[in-house]
Amino acid sequence: MNIVFVMKEFKNKHYKYDSLDFNMVLDIDFKDCLEKTMEMKDVFGHKIGYAEFTICPNHISKILNFRIIDKYQSFGFGKALYIEIEKAIKDYSVRYIIIDSFQESVDFWCKMGFEESLFEGNNILMEKRL
């Protein structure tokens with residue numbers, strides 16, 4: 001299946017993460033981050049999935065939302081979407097990508113090269129060094 005990626009960009013987005021523990025552990029300031037939204041569609045324009053992520057001046061990118069529609073899961077679209085995120089951040093000198101993952105998604109993120117670094121409630125903070 002041929003797929004199309006559509007990118008939207010929001011400059012100087014003031015994104016505030018709602019977890020004090022997360023910010024204190026990694027010493028992250030999300031002020032003046034560039035926020036991007038990427039949609040994945042088939043050639044007919046049907047949405048397959050999307051991702052929202054930040055690119056911050058401190059060389060960290062955070063995946064805010066990542067979703068592949070249920071009927072398209074297990075066909076490699078999640079991996080393809082993640083690879084496009086890495087391509088999109090390549091020119092910004094990002095050293096780390098982080099995601100606050102649900103337990104049921106940990107295996108997927110491990111396959112993408114992420115490691116578990118912190119448990120917070122029902123979520124697991126995962127990170128990947130580039």
# chains A, B, ... in the order shown; residues from 1 in each chain; ligands from 1
call {"tool": "residues_around", "arguments": {"residues": "region 110-118 of chain A", "least_positions_apart": "6", "cutoff": "6 Å", "atoms": "only C-alpha atoms", "output": "ChimeraX atom specification"}}
result
/A:124-128
call {"tool": "atom_distance", "arguments": {"atom1": "CA of Glu104 (chain A)", "atom2": "CA of Lys79 (chain A)"}}
result
15.9 Å
call {"tool": "closest_residue", "arguments": {"among": "A:Ile68, A:Ile55, A:Phe119, A:His46", "to": "Lys90 (chain A)", "atoms": "only C-alpha atoms"}}
result
A:Ile55
call {"tool": "atom_distance", "arguments": {"atom1": "CA of Asn65 (chain A)", "atom2": "CA of Tyr50 (chain A)"}}
result
7.8 Å
call {"tool": "closest_residue", "arguments": {"among": "A:Tyr72, A:Phe102, A:Phe66, A:Phe53", "to": "Ala88 (chain A)", "atoms": "only C-alpha atoms"}}
result
A:Phe53
call {"tool": "atom_distance", "arguments": {"atom1": "CA of Lys62 (chain A)", "atom2": "CA of Ile97 (chain A)"}}
result
5.6 Å
call {"tool": "residues_around", "arguments": {"residues": "Ile85 (chain A)", "least_positions_apart": "4", "cutoff": "10 Å", "atoms": "only C-alpha atoms", "output": "list in words"}}
result
Lys36, Thr37, Met38, Ala51, Glu52, Phe53, Ser61, Ile63, Lys79, Ala80, Leu81, Ile89, Lys90 and Ile97 of chain A
call {"tool": "write_last_selection", "arguments": {"atoms": "C-alpha atoms", "output": "short mmCIF file (atom, residue, chain, number, x, y, z; two decimals), in the first residue's frame"}}
result
data_model
loop_
_atom_site.label_atom_id
_atom_site.label_comp_id
_atom_site.auth_asym_id
_atom_site.auth_seq_id
_atom_site.Cartn_x
_atom_site.Cartn_y
_atom_site.Cartn_z
CA LYS A 36 4.87 19.11 14.70
CA THR A 37 1.92 16.99 13.70
CA MET A 38 2.37 14.25 11.13
CA ALA A 51 1.84 11.54 15.57
CA GLU A 52 2.41 14.78 17.47
CA PHE A 53 5.86 15.57 18.76
CA SER A 61 12.18 15.55 21.25
CA ILE A 63 6.43 12.20 21.25
CA LYS A 79 7.29 1.54 12.41
CA ALA A 80 6.98 3.55 9.18
CA LEU A 81 5.45 6.50 11.04
CA ILE A 89 13.98 15.67 13.70
CA LYS A 90 17.33 14.81 12.10
CA ILE A 97 13.60 11.11 21.96
#
call {"tool": "residues_around", "arguments": {"residues": "Tyr92 (chain A)", "least_positions_apart": "5", "cutoff": "12 Å", "atoms": "only C-alpha atoms", "output": "count of residues only"}}
result
15
call {"tool": "decode", "arguments": {"residues": "region 95-108 of chain A", "atoms": "N, CA, C and O atoms", "output": "mmCIF file, in the first residue's frame"}}
result
data_model
loop_
_atom_site.group_PDB
_atom_site.id
_atom_site.type_symbol
_atom_site.label_atom_id
_atom_site.label_comp_id
_atom_site.auth_asym_id
_atom_site.auth_seq_id
_atom_site.Cartn_x
_atom_site.Cartn_y
_atom_site.Cartn_z
ATOM 1 N N ARG A 95 19.226 14.839 20.480
ATOM 2 C CA ARG A 95 20.043 13.756 21.035
ATOM 3 C C ARG A 95 19.201 12.670 21.685
ATOM 4 O O ARG A 95 19.640 11.528 21.792
ATOM 5 N N TYR A 96 18.020 13.044 22.159
ATOM 6 C CA TYR A 96 17.140 12.082 22.827
ATOM 7 C C TYR A 96 15.714 12.244 22.321
ATOM 8 O O TYR A 96 15.258 13.361 22.090
ATOM 9 N N ILE A 97 15.038 11.115 22.188
ATOM 10 C CA ILE A 97 13.596 11.109 21.957
ATOM 11 C C ILE A 97 12.988 10.428 23.176
ATOM 12 O O ILE A 97 13.478 9.383 23.616
ATOM 13 N N ILE A 98 11.941 11.018 23.708
ATOM 14 C CA ILE A 98 11.272 10.432 24.873
ATOM 15 C C ILE A 98 9.787 10.270 24.584
ATOM 16 O O ILE A 98 9.220 10.979 23.749
ATOM 17 N N ILE A 99 9.194 9.317 25.249
ATOM 18 C CA ILE A 99 7.748 9.094 25.148
ATOM 19 C C ILE A 99 7.248 8.568 26.476
ATOM 20 O O ILE A 99 7.935 7.802 27.167
ATOM 21 N N ASP A 100 6.065 8.997 26.843
ATOM 22 C CA ASP A 100 5.371 8.519 28.020
ATOM 23 C C ASP A 100 4.428 7.421 27.527
ATOM 24 O O ASP A 100 3.355 7.710 27.028
ATOM 25 N N SER A 101 4.850 6.176 27.619
ATOM 26 C CA SER A 101 4.166 5.061 26.966
ATOM 27 C C SER A 101 3.178 4.360 27.896
ATOM 28 O O SER A 101 3.413 4.236 29.095
ATOM 29 N N PHE A 102 2.099 3.871 27.298
ATOM 30 C CA PHE A 102 1.200 2.962 28.007
ATOM 31 C C PHE A 102 1.880 1.597 28.089
ATOM 32 O O PHE A 102 2.682 1.232 27.223
ATOM 33 N N GLN A 103 1.554 0.820 29.105
ATOM 34 C CA GLN A 103 2.158 -0.500 29.308
ATOM 35 C C GLN A 103 1.999 -1.376 28.063
ATOM 36 O O GLN A 103 2.934 -2.060 27.660
ATOM 37 N N GLU A 104 0.836 -1.343 27.426
ATOM 38 C CA GLU A 104 0.596 -2.220 26.282
ATOM 39 C C GLU A 104 1.401 -1.830 25.033
ATOM 40 O O GLU A 104 1.480 -2.592 24.078
ATOM 41 N N SER A 105 2.036 -0.658 25.058
ATOM 42 C CA SER A 105 2.844 -0.210 23.910
ATOM 43 C C SER A 105 4.345 -0.357 24.127
ATOM 44 O O SER A 105 5.131 -0.068 23.219
ATOM 45 N N VAL A 106 4.748 -0.806 25.296
ATOM 46 C CA VAL A 106 6.169 -0.883 25.636
ATOM 47 C C VAL A 106 6.929 -1.771 24.649
ATOM 48 O O VAL A 106 8.023 -1.421 24.193
ATOM 49 N N ASP A 107 6.378 -2.921 24.284
ATOM 50 C CA ASP A 107 7.074 -3.827 23.363
ATOM 51 C C ASP A 107 7.344 -3.151 22.024
ATOM 52 O O ASP A 107 8.429 -3.300 21.455
ATOM 53 N N PHE A 108 6.363 -2.412 21.514
ATOM 54 C CA PHE A 108 6.556 -1.695 20.253
ATOM 55 C C PHE A 108 7.713 -0.713 20.364
ATOM 56 O O PHE A 108 8.610 -0.679 19.512
#
